[in-house]
>>> print(open('data-v5.csv').read())   # CSV, C-alpha atoms
chain,number,residue,atom,x,y,z
A,339,MET,CA,117.0,76.5,80.6
A,340,ALA,CA,117.0,80.0,82.1
A,341,ASN,CA,120.0,82.2,82.4
A,342,VAL,CA,117.9,85.3,82.4
A,343,GLU,CA,115.4,86.5,85.0
A,344,GLY,CA,114.1,90.0,84.2
A,345,LYS,CA,117.1,92.3,84.0
A,346,ALA,CA,119.3,89.8,85.7
A,347,THR,CA,121.6,87.3,83.9
A,348,ALA,CA,123.3,84.3,85.4
A,349,ILE,CA,126.7,83.0,84.4
A,350,THR,CA,128.2,79.7,85.6
A,351,VAL,CA,131.6,78.7,84.5
A,352,LEU,CA,133.7,75.6,85.5
A,353,THR,CA,137.2,75.3,84.2
A,354,PRO,CA,140.0,72.7,84.7
A,355,VAL,CA,143.0,74.1,86.6
A,356,ARG,CA,146.6,73.3,85.5
A,357,ARG,CA,148.9,71.6,88.0
A,358,GLY,CA,150.4,74.2,90.3
A,359,GLY,CA,147.3,76.3,89.6
A,360,PRO,CA,145.6,75.7,93.0
A,361,LEU,CA,148.6,77.2,94.9
A,362,LEU,CA,148.6,80.3,92.7
A,363,LEU,CA,144.8,80.6,93.1
A,364,TRP,CA,145.1,80.3,96.8
A,365,LEU,CA,147.5,83.3,96.7
A,366,VAL,CA,145.4,85.3,94.3
A,367,PHE,CA,142.2,84.7,96.3
A,368,TRP,CA,144.0,85.3,99.6
A,369,ALA,CA,145.1,88.7,98.2
A,370,GLY,CA,141.5,89.2,96.9
A,371,ARG,CA,140.1,88.8,100.4
A,372,ASN,CA,142.7,90.7,102.2
A,373,ILE,CA,143.7,93.5,99.8
A,374,THR,CA,140.4,94.8,98.8
A,375,GLU,CA,141.4,96.2,95.4
A,376,THR,CA,139.9,93.4,93.5
A,377,LEU,CA,136.5,93.7,95.2
A,378,LYS,CA,136.6,97.5,94.8
A,379,LYS,CA,137.3,97.0,91.1
A,380,LEU,CA,134.3,94.7,90.8
A,381,GLN,CA,132.3,97.4,92.6
A,382,THR,CA,133.3,100.0,90.0
A,383,LEU,CA,131.9,97.7,87.3
A,384,SER,CA,128.5,98.6,88.9
A,385,PHE,CA,126.5,95.9,87.1
A,386,ILE,CA,127.4,92.9,89.2
A,387,HIS,CA,125.0,92.1,92.1
A,388,TYR,CA,126.8,89.0,93.4
A,389,ALA,CA,129.7,87.0,92.2
A,390,ARG,CA,131.9,84.2,93.6
A,391,TRP,CA,134.8,81.9,92.8
A,392,ALA,CA,135.5,78.6,94.4
A,393,VAL,CA,138.2,76.0,93.9
A,394,ILE,CA,136.9,72.5,93.8
A,395,GLU,CA,139.6,70.0,94.9
A,396,ARG,CA,137.1,67.2,95.3
A,397,PHE,CA,133.6,66.9,94.0
A,398,PRO,CA,131.4,66.1,97.0
A,399,ASP,CA,129.9,62.6,97.2
A,400,GLN,CA,128.8,60.2,99.8
A,401,GLY,CA,132.4,59.6,100.9
A,402,GLU,CA,135.5,61.7,100.9
A,403,GLY,CA,134.6,63.4,97.7
A,404,GLU,CA,135.6,62.5,94.1
A,405,ARG,CA,139.1,63.7,93.2
A,406,LEU,CA,139.7,64.1,89.5
A,407,GLN,CA,143.1,64.6,87.8
A,408,TYR,CA,142.8,68.3,88.1
A,409,SER,CA,141.2,70.8,90.4
A,410,TYR,CA,138.3,72.9,89.0
A,411,LEU,CA,137.6,76.6,89.2
A,412,LEU,CA,133.9,77.5,89.6
A,413,PHE,CA,132.8,81.1,88.8
A,414,GLU,CA,129.3,82.4,89.1
A,415,SER,CA,127.9,85.9,88.6
A,416,ASN,CA,124.6,87.6,88.8
A,417,PHE,CA,124.6,90.7,86.7
A,418,ASN,CA,122.4,93.1,84.7
A,419,GLY,CA,122.9,93.7,81.0
A,420,THR,CA,123.7,91.2,78.3
A,421,TRP,CA,126.2,88.5,78.3
A,422,ASP,CA,128.3,90.2,75.7
A,423,GLN,CA,128.4,93.5,77.5
A,424,TYR,CA,129.4,91.7,80.6
A,425,ILE,CA,132.3,89.9,79.1
A,426,ASP,CA,133.4,93.0,77.2
A,427,ALA,CA,133.6,95.0,80.4
A,428,PHE,CA,135.2,92.3,82.3
A,429,SER,CA,138.0,91.9,79.8
A,430,GLU,CA,138.6,95.7,79.7
A,431,VAL,CA,138.3,96.6,83.4
A,432,VAL,CA,139.7,93.7,85.2
A,433,ALA,CA,142.0,92.2,82.6
A,434,PHE,CA,145.0,91.8,84.9
A,435,ARG,CA,143.0,90.1,87.6
A,436,MET,CA,141.3,87.8,85.2
A,437,LYS,CA,144.6,86.8,83.8
A,438,ALA,CA,145.8,86.0,87.4
A,439,ILE,CA,142.7,83.9,88.0
A,440,TRP,CA,141.9,82.1,84.7
A,441,GLY,CA,145.5,82.0,83.6
A,442,THR,CA,145.8,78.9,85.8
A,443,SER,CA,143.1,77.1,83.8
A,444,PHE,CA,143.7,75.0,80.7
A,445,GLY,CA,142.8,76.7,77.4
A,446,PHE,CA,142.5,80.3,78.7
A,447,PRO,CA,143.4,82.5,75.8
A,448,GLY,CA,143.8,85.7,77.8
A,449,PRO,CA,141.1,88.4,78.3
A,450,LEU,CA,142.1,90.3,75.1
A,451,PRO,CA,141.3,90.2,72.3
A,452,VAL,CA,137.8,89.6,73.5
A,453,GLU,CA,136.5,87.2,70.9
A,454,PRO,CA,138.7,84.1,71.8
A,455,PHE,CA,137.9,84.9,75.4
A,456,LYS,CA,134.2,84.8,74.7
A,457,GLN,CA,134.5,81.5,72.9
A,458,TYR,CA,136.4,80.1,75.9
A,459,ILE,CA,133.7,81.2,78.3
A,460,ARG,CA,131.0,79.8,76.1
A,461,ARG,CA,132.8,76.5,75.9
A,462,ASN,CA,133.2,76.2,79.7
A,463,GLU,CA,129.8,77.7,80.6
A,464,PHE,CA,126.8,75.8,82.0
A,465,VAL,CA,123.4,77.2,81.5
A,466,ALA,CA,121.2,77.4,84.6
A,467,ASN,CA,118.2,75.1,84.6
A,468,HIS,CA,116.4,77.4,87.0
A,469,TYR,CA,117.3,80.9,88.0
A,470,TRP,CA,115.6,83.2,90.3
A,471,SER,CA,115.9,86.8,91.5
A,472,ALA,CA,114.0,88.6,94.3
A,473,TYR,CA,113.9,91.8,92.4
A,474,PRO,CA,114.2,91.0,88.7
A,475,GLY,CA,113.3,94.5,87.6
A,476,ALA,CA,116.2,96.2,89.3
A,477,THR,CA,119.7,96.8,88.2
A,478,THR,CA,122.7,97.0,90.6
A,479,THR,CA,123.0,100.7,90.0
A,480,GLU,CA,119.3,101.3,90.8
A,481,ILE,CA,119.6,99.3,94.1
A,482,VAL,CA,122.7,101.2,95.2
A,483,SER,CA,121.1,104.5,94.2
A,484,ALA,CA,117.9,103.7,95.9
A,485,GLY,CA,119.8,103.1,99.2
A,486,ARG,CA,121.3,106.6,98.9
A,487,VAL,CA,117.9,108.2,98.1
A,488,GLU,CA,116.3,106.5,101.1
A,489,ALA,CA,119.0,107.7,103.4
A,490,ALA,CA,118.8,111.2,102.1
A,491,LEU,CA,115.0,111.2,102.4
A,492,GLU,CA,115.3,110.0,106.0
A,493,ARG,CA,117.6,113.0,106.8
A,494,LEU,CA,115.1,115.4,105.2
A,495,ARG,CA,112.2,113.9,107.0
A,496,SER,CA,113.9,114.1,110.4
A,497,ARG,CA,114.6,117.8,109.8
A,498,ALA,CA,111.3,118.7,108.2
A,499,ALA,CA,109.3,118.7,111.4
A,500,THR,CA,111.1,121.8,112.7
A,501,LEU,CA,111.1,123.8,109.5
A,502,GLY,CA,108.7,126.5,108.3
A,503,PRO,CA,107.4,126.2,104.7
A,504,GLU,CA,110.1,128.4,103.1
A,505,ALA,CA,113.0,126.7,104.9
A,506,PHE,CA,111.5,123.3,104.1
A,507,LYS,CA,111.3,124.2,100.4
A,508,ALA,CA,115.0,125.2,100.4
A,509,GLU,CA,115.9,121.9,102.2
A,510,TYR,CA,113.7,119.9,99.8
A,511,GLU,CA,115.4,121.5,96.8
A,512,SER,CA,118.8,120.8,98.2
A,513,PHE,CA,117.7,117.2,98.8
A,514,LEU,CA,116.6,116.8,95.2
A,515,THR,CA,119.9,118.2,94.0
A,516,SER,CA,121.8,115.8,96.2
A,517,VAL,CA,120.0,112.8,94.9
A,518,GLN,CA,119.3,113.8,91.3
A,519,ARG,CA,121.9,111.4,89.9
A,520,ASP,CA,120.3,108.6,91.8
A,521,LEU,CA,116.7,109.2,90.5
B,1415,MET,CA,134.3,75.2,106.2
B,1416,ASN,CA,135.5,78.8,106.8
B,1417,ASP,CA,132.2,80.7,106.7
B,1418,ALA,CA,134.1,84.0,106.7
B,1419,HIS,CA,135.1,83.2,103.1
B,1420,ASN,CA,131.4,82.7,102.2
B,1421,THR,CA,130.3,86.1,103.6
B,1422,SER,CA,130.4,89.7,102.5
B,1423,GLY,CA,128.8,92.1,105.0
B,1424,GLN,CA,125.7,90.3,106.1
B,1425,ALA,CA,125.3,88.4,102.8
B,1426,TYR,CA,126.2,84.7,102.5
B,1427,GLY,CA,127.1,82.8,99.3
B,1428,LEU,CA,126.1,79.2,99.5
B,1429,THR,CA,127.6,76.8,97.0
B,1430,VAL,CA,126.4,73.1,97.0
B,1431,LEU,CA,127.3,70.3,94.7
B,1432,THR,CA,125.3,67.1,95.1
B,1433,PRO,CA,125.9,63.9,93.0
B,1434,ILE,CA,123.1,63.1,90.7
B,1435,ARG,CA,121.9,59.5,90.8
B,1436,ASP,CA,122.9,57.4,87.9
B,1437,GLY,CA,120.5,57.8,85.0
B,1438,HIS,CA,118.6,60.6,86.6
B,1439,GLU,CA,120.3,63.5,84.9
B,1440,THR,CA,117.9,64.1,82.0
B,1441,GLN,CA,114.9,63.8,84.2
B,1442,LEU,CA,116.3,66.2,86.8
B,1443,ALA,CA,117.2,68.8,84.1
B,1444,ARG,CA,113.7,68.5,82.7
B,1445,ASP,CA,112.1,68.9,86.1
B,1446,LEU,CA,114.1,72.0,86.8
B,1447,ASP,CA,113.5,73.4,83.3
B,1448,LEU,CA,109.8,73.1,83.9
B,1449,LEU,CA,109.7,74.9,87.3
B,1450,GLN,CA,107.6,78.0,87.2
B,1451,GLY,CA,109.6,81.2,87.2
B,1452,GLY,CA,109.3,84.6,88.9
B,1453,ASP,CA,106.8,84.8,91.8
B,1454,ASP,CA,105.7,81.2,91.1
B,1455,SER,CA,109.2,79.8,91.5
B,1456,PRO,CA,109.6,77.6,94.6
B,1457,LEU,CA,112.6,79.9,95.4
B,1458,ALA,CA,110.1,82.8,95.9
B,1459,ARG,CA,108.9,81.0,99.0
B,1460,VAL,CA,112.4,80.9,100.5
B,1461,PRO,CA,112.8,83.9,102.7
B,1462,ARG,CA,116.0,86.1,102.5
B,1463,THR,CA,117.0,84.9,99.0
B,1464,HIS,CA,118.4,87.6,96.7
B,1465,PHE,CA,119.5,85.3,93.8
B,1466,ALA,CA,119.6,81.5,93.5
B,1467,ARG,CA,120.0,78.9,90.8
B,1468,TRP,CA,120.2,75.2,90.0
B,1469,VAL,CA,122.5,74.0,87.3
B,1470,VAL,CA,122.9,70.4,86.1
B,1471,ILE,CA,126.6,69.7,85.4
B,1472,GLY,CA,126.7,66.5,83.4
B,1473,ASP,CA,130.5,66.3,83.2
B,1474,VAL,CA,133.5,68.6,83.3
B,1475,VAL,CA,134.7,70.3,80.2
B,1476,TYR,CA,137.7,68.9,78.3
B,1477,GLU,CA,139.9,71.7,77.1
B,1478,GLY,CA,141.8,69.7,74.5
B,1479,PRO,CA,145.0,67.7,74.2
B,1480,ARG,CA,147.1,69.8,76.5
B,1481,GLN,CA,145.2,68.2,79.4
B,1482,ARG,CA,144.4,64.7,80.3
B,1483,ARG,CA,140.7,63.8,80.0
B,1484,ASP,CA,138.8,64.0,83.3
B,1485,ARG,CA,135.4,62.4,83.8
B,1486,LEU,CA,133.0,62.7,86.7
B,1487,SER,CA,131.7,59.3,87.8
B,1488,LEU,CA,128.3,61.0,88.4
B,1489,GLY,CA,126.9,64.3,87.2
B,1490,ARG,CA,126.5,67.0,89.8
B,1491,LEU,CA,123.7,69.3,90.7
B,1492,LEU,CA,124.9,72.8,91.5
B,1493,PHE,CA,122.8,74.9,93.8
B,1494,THR,CA,123.9,78.4,94.7
B,1495,SER,CA,122.2,81.0,96.7
B,1496,ASN,CA,123.0,84.6,97.7
B,1497,PHE,CA,121.1,85.3,100.9
B,1498,ASP,CA,120.9,87.3,104.1
B,1499,GLY,CA,122.3,86.3,107.4
B,1500,ALA,CA,123.5,83.0,108.8
B,1501,VAL,CA,123.4,79.7,107.0
B,1502,ALA,CA,121.6,77.5,109.5
B,1503,PRO,CA,118.3,79.4,109.6
B,1504,TYR,CA,118.5,79.8,105.9
B,1505,LEU,CA,118.7,76.1,105.3
B,1506,GLU,CA,115.7,75.6,107.5
B,1507,GLY,CA,113.9,78.3,105.5
B,1508,LEU,CA,114.9,76.5,102.3
B,1509,ARG,CA,113.5,73.2,103.6
B,1510,THR,CA,110.1,74.6,104.6
B,1511,GLY,CA,109.9,77.2,101.8
B,1512,LEU,CA,110.7,74.8,99.0
B,1513,GLY,CA,108.5,72.1,100.5
B,1514,GLU,CA,107.7,69.3,98.0
B,1515,ALA,CA,109.9,71.0,95.4
B,1516,ALA,CA,113.0,70.2,97.6
B,1517,ASP,CA,112.2,66.5,97.5
B,1518,ALA,CA,111.3,66.6,93.8
B,1519,ILE,CA,114.7,68.0,93.0
B,1520,TRP,CA,117.2,66.5,95.5
B,1521,ASP,CA,115.5,63.1,95.4
B,1522,HIS,CA,117.4,62.8,92.1
B,1523,CYS,CA,120.6,63.0,94.1
B,1524,GLU,CA,122.5,60.3,96.0
B,1525,GLY,CA,122.1,60.2,99.7
B,1526,TYR,CA,119.4,62.8,99.9
B,1527,PRO,CA,117.5,62.1,103.2
B,1528,GLY,CA,114.3,63.9,102.3
B,1529,ARG,CA,112.9,67.0,104.0
B,1530,ASP,CA,111.1,65.6,106.9
B,1531,ASP,CA,114.1,65.7,109.3
B,1532,PRO,CA,115.4,69.3,109.5
B,1533,THR,CA,118.8,68.2,110.9
B,1534,ALA,CA,119.4,65.6,108.2
B,1535,PHE,CA,118.3,68.0,105.5
B,1536,ALA,CA,120.7,70.7,106.6
B,1537,ALA,CA,123.5,68.3,107.3
B,1538,TYR,CA,123.2,66.9,103.7
B,1539,LEU,CA,123.5,70.3,102.1
B,1540,ARG,CA,126.3,71.3,104.4
B,1541,ARG,CA,128.2,68.1,103.7
B,1542,HIS,CA,128.1,68.8,100.0
B,1543,GLN,CA,128.9,72.5,100.3
B,1544,ILE,CA,132.0,74.0,98.7
B,1545,GLU,CA,133.8,76.9,100.4
B,1546,ASN,CA,134.1,80.0,98.3
B,1547,ALA,CA,137.5,81.4,97.6
B,1548,LEU,CA,136.2,84.9,96.9
B,1549,PHE,CA,132.7,86.2,97.4
B,1550,PHE,CA,131.6,89.6,96.1
B,1551,ALA,CA,128.4,91.4,97.0
B,1552,ALA,CA,127.7,94.9,95.6
B,1553,TYR,CA,125.4,95.7,98.5
B,1554,GLY,CA,126.2,93.0,101.0
B,1555,ASP,CA,125.0,95.2,103.9
B,1556,ARG,CA,121.4,95.3,102.5
B,1557,THR,CA,118.8,92.6,103.1
B,1558,VAL,CA,116.2,91.6,100.5
B,1559,GLU,CA,113.6,93.5,102.4
B,1560,GLN,CA,115.8,96.7,102.6
B,1561,VAL,CA,116.5,96.5,98.9
B,1562,LYS,CA,112.9,96.2,98.0
B,1563,ARG,CA,111.9,98.9,100.4
B,1564,SER,CA,114.5,101.4,99.1
B,1565,LEU,CA,113.5,100.6,95.5
B,1566,GLY,CA,109.9,101.5,96.5
B,1567,VAL,CA,111.1,104.7,98.2
B,1568,ARG,CA,113.1,105.7,95.2
B,1569,ARG,CA,110.0,105.3,93.0
B,1570,ASP,CA,107.9,107.3,95.4
B,1571,VAL,CA,110.5,110.1,95.4
B,1572,ILE,CA,110.5,110.2,91.6
B,1573,ASP,CA,106.7,110.4,91.5
B,1574,PHE,CA,106.6,113.0,94.2
B,1575,ALA,CA,109.2,115.2,92.6
B,1576,LEU,CA,107.3,115.1,89.3
B,1577,SER,CA,104.0,115.9,90.9
B,1578,ALA,CA,105.4,118.6,93.2
B,1579,GLN,CA,107.0,120.6,90.4
B,1580,GLY,CA,106.0,124.3,90.6
B,1581,MET,CA,104.3,124.0,94.0
B,1582,GLY,CA,104.5,126.9,96.4
B,1583,ALA,CA,106.3,126.4,99.8
B,1584,GLU,CA,103.2,125.7,101.9
B,1585,ALA,CA,101.6,123.3,99.4
B,1586,LEU,CA,104.9,121.5,98.9
B,1587,GLN,CA,105.4,121.0,102.7
B,1588,ALA,CA,101.8,119.8,103.1
B,1589,ALA,CA,102.1,117.4,100.1
B,1590,PHE,CA,105.4,116.1,101.4
B,1591,ARG,CA,104.0,115.5,104.9
B,1592,GLU,CA,101.0,113.7,103.4
B,1593,ARG,CA,103.3,111.5,101.3
B,1594,PHE,CA,106.2,110.8,103.6
B,1595,GLY,CA,105.0,111.8,107.1
B,1596,GLN,CA,107.5,113.4,109.4
>>> encode(input="data-v5.csv", output="structure tokens")
Amino acid sequence: MANVEGKATAITVLTPVRRGGPLLLWLVFWAGRNITETLKKLQTLSFIHYARWAVIERFPDQGEGERLQYSYLLFESNFNGTWDQYIDAFSEVVAFRMKAIWGTSFGFPGPLPVEPFKQYIRRNEFVANHYWSAYPGATTTEIVSAGRVEAALERLRSRAATLGPEAFKAEYESFLTSVQRDL
Amino acid sequence: MNDAHNTSGQAYGLTVLTPIRDGHETQLARDLDLLQGGDDSPLARVPRTHFARWVVIGDVVYEGPRQRRDRLSLGRLLFTSNFDGAVAPYLEGLRTGLGEAADAIWDHCEGYPGRDDPTAFAAYLRRHQIENALFFAAYGDRTVEQVKRSLGVRRDVIDFALSAQGMGAEALQAAFRERFGQ
């Protein structure tokens, strides 16, 4: 069992969806894909590497797929930090969206207060049997920051060739100032 | 399958659910639990993978009397991956990268054709794929290689900034050139 790999944590949740839920979910996810607010909100959480939702109408098998009495909502996330911090932040920052999504599932107590919500997630969570990350030592913030540092360094390098020592020093210092929050 | 729903930038979110052969669930879970982690994981040999996981789902959760009880006829093995680029070349990289591990794992699943035939292997995973409803990637424009490289650059810049403190202009420029070229 391995939900943790270095700084990364995996979460996998599968919940039964109430009748009528799939249509609402279709709308919510359509809006999520086309009105980018939800995705931007997730971006502001700044500790999620990758996440996904999927609605399972039929569980794939050798034929047409196995249809149960309900559809199921699958959620997976790859994030840095602890499970508790993650659920806390989720319930605070994206409470409305979570209500729209998991409100269609049986037993969802609402994102707040957070304790019943945590119990709900624990109940419906499956622990990964094997989990892997290509860069287990890095947080989402470090990765996004590193991208900015690399781009700024590239700009400095391209200008540096034409500069004398004093002008270079000034450019270098302004480079450091521009990336100091990313170091 | 609408692959647009599975992508964010150049990143792709693969979700595969395969039926576990009757009676194989415990052994499969044990085999997966015993896989080496980190650099020794079979997934480390699959190019372009950012994050991936296997999860044994024995049955669906029952949320109490407000719902009727559902039961899966067979458990399912969930495999998810977050990777760079198109799905077809990735599945081929998965087949060759995992090698024996692919067979050791998916042999526990119904209908698995083995890894010898690339077309059959890819078709099996695609047939058991679930389309994502919403896929989020914080840096979906960045490949694994780009992520690793920029993390290295950031470390270099930090080291350099510390070592260059208090240097005069000429020494600074020379040291910068030596470290980062021009």
>>> residues_around(input="data-v5.csv", residues="stretch 1549-1564 of chain B", least_positions_apart="2", cutoff="9 Å", atoms="all atoms listed in the file", output="PyMOL selection string")
(chain A and resi 371+377+380-381+384-392+472-473+478+481-489) or (chain B and resi 1419-1427+1461-1464+1496-1499+1546-1547+1566-1569)
>>> residues_around(input="data-v5.csv", residues="B:Phe1594", least_positions_apart="4", cutoff="10 Å", atoms="all atoms listed in the file", output="list of chain:residue names")
A:Leu491, A:Glu492, A:Arg495, B:Val1567, B:Asp1570, B:Val1571, B:Phe1574, B:Ala1589, B:Phe1590
>>> closest_residue(input="data-v5.csv", among="A:Leu514, A:Glu375, A:Ala369, A:Gln400", to="B:Thr1432", atoms="all atoms listed in the file")
A:Gln400
>>> residues_around(input="data-v5.csv", residues="B:Glu1524", least_positions_apart="3", cutoff="10 Å", atoms="only C-alpha atoms", output="PyMOL selection string")
(chain A and resi 399-400) or (chain B and resi 1432-1436+1488+1490+1520-1521+1527)
>>> residues_near_point(input="data-v5.csv", point="(106.6, 70.5, 93.3)", cutoff="12 Å", atoms="all atoms listed in the file", output="ChimeraX atom specification")
/B:1445-1446,1448-1450,1454-1457,1511-1521
>>> atom_distance(input="data-v5.csv", atom1="atom CA of A:Thr353", atom2="atom CA of A:Thr477")
28.0 Å
>>> closest_residue(input="data-v5.csv", among="A:Ala438, A:Val517, A:Val366, A:Val351", to="A:Lys456", atoms="all atoms listed in the file")
A:Val351
>>> build_atoms(input="data-v5.csv", residues="stretch 1437-1465 of chain B", atoms="N, CA and C atoms", output="short mmCIF file (atom, residue, chain, number, x, y, z; two decimals), in the frame of the given file")
data_model
loop_
_atom_site.label_atom_id
_atom_site.label_comp_id
_atom_site.auth_asym_id
_atom_site.auth_seq_id
_atom_site.Cartn_x
_atom_site.Cartn_y
_atom_site.Cartn_z
N GLY B 1437 121.66 57.85 85.92
CA GLY B 1437 120.50 57.80 85.00
C GLY B 1437 119.42 58.81 85.28
N HIS B 1438 119.61 59.67 86.27
CA HIS B 1438 118.60 60.60 86.60
C HIS B 1438 118.80 62.04 86.03
N GLU B 1439 119.93 62.19 85.37
CA GLU B 1439 120.30 63.50 84.90
C GLU B 1439 119.32 64.21 84.02
N THR B 1440 118.86 63.47 83.03
CA THR B 1440 117.90 64.10 82.00
C THR B 1440 116.63 64.45 82.70
N GLN B 1441 116.13 63.55 83.54
CA GLN B 1441 114.90 63.80 84.20
C GLN B 1441 114.98 65.03 85.15
N LEU B 1442 116.09 65.09 85.89
CA LEU B 1442 116.30 66.20 86.80
C LEU B 1442 116.36 67.53 86.03
N ALA B 1443 117.12 67.52 84.94
CA ALA B 1443 117.20 68.80 84.10
C ALA B 1443 115.85 69.17 83.63
N ARG B 1444 115.06 68.16 83.19
CA ARG B 1444 113.70 68.50 82.70
C ARG B 1444 112.84 69.04 83.78
N ASP B 1445 112.89 68.41 84.97
CA ASP B 1445 112.10 68.90 86.10
C ASP B 1445 112.43 70.35 86.44
N LEU B 1446 113.72 70.63 86.46
CA LEU B 1446 114.10 72.00 86.80
C LEU B 1446 113.73 72.98 85.70
N ASP B 1447 113.89 72.55 84.45
CA ASP B 1447 113.50 73.40 83.30
C ASP B 1447 112.02 73.78 83.38
N LEU B 1448 111.23 72.84 83.92
CA LEU B 1448 109.80 73.10 83.90
C LEU B 1448 109.26 73.80 85.13
N LEU B 1449 110.13 74.10 86.08
CA LEU B 1449 109.70 74.90 87.30
C LEU B 1449 109.14 76.22 86.81
N GLN B 1450 108.09 76.68 87.47
CA GLN B 1450 107.60 78.00 87.20
C GLN B 1450 108.62 79.06 87.60
N GLY B 1451 108.65 80.17 86.89
CA GLY B 1451 109.60 81.20 87.20
C GLY B 1451 108.99 82.36 88.01
N GLY B 1452 109.77 83.37 88.29
CA GLY B 1452 109.30 84.60 88.90
C GLY B 1452 108.62 84.31 90.27
N ASP B 1453 107.47 84.96 90.50
CA ASP B 1453 106.80 84.80 91.80
C ASP B 1453 106.28 83.41 92.04
N ASP B 1454 106.16 82.62 90.97
CA ASP B 1454 105.70 81.20 91.10
C ASP B 1454 106.81 80.23 91.31
N SER B 1455 108.05 80.71 91.30
CA SER B 1455 109.20 79.80 91.50
C SER B 1455 109.15 79.32 92.96
N PRO B 1456 109.52 78.06 93.19
CA PRO B 1456 109.60 77.60 94.60
C PRO B 1456 110.61 78.45 95.40
N LEU B 1457 111.58 79.05 94.73
CA LEU B 1457 112.60 79.90 95.40
C LEU B 1457 111.95 81.17 95.97
N ALA B 1458 110.82 81.58 95.38
CA ALA B 1458 110.10 82.80 95.90
C ALA B 1458 109.59 82.55 97.29
N ARG B 1459 109.46 81.30 97.67
CA ARG B 1459 108.90 81.00 99.00
C ARG B 1459 110.04 80.83 100.05
N VAL B 1460 111.28 81.02 99.60
CA VAL B 1460 112.40 80.90 100.50
C VAL B 1460 112.84 82.25 100.99
N PRO B 1461 112.55 82.59 102.26
CA PRO B 1461 112.80 83.90 102.70
C PRO B 1461 114.33 84.27 102.62
N ARG B 1462 114.63 85.56 102.43
CA ARG B 1462 116.00 86.10 102.50
C ARG B 1462 116.86 85.78 101.31
N THR B 1463 116.26 85.26 100.23
CA THR B 1463 117.00 84.90 99.00
C THR B 1463 117.07 86.12 98.07
N HIS B 1464 118.26 86.55 97.68
CA HIS B 1464 118.40 87.60 96.70
C HIS B 1464 118.41 86.94 95.27
N PHE B 1465 119.36 86.03 95.05
CA PHE B 1465 119.50 85.30 93.80
C PHE B 1465 119.82 83.86 94.08
#
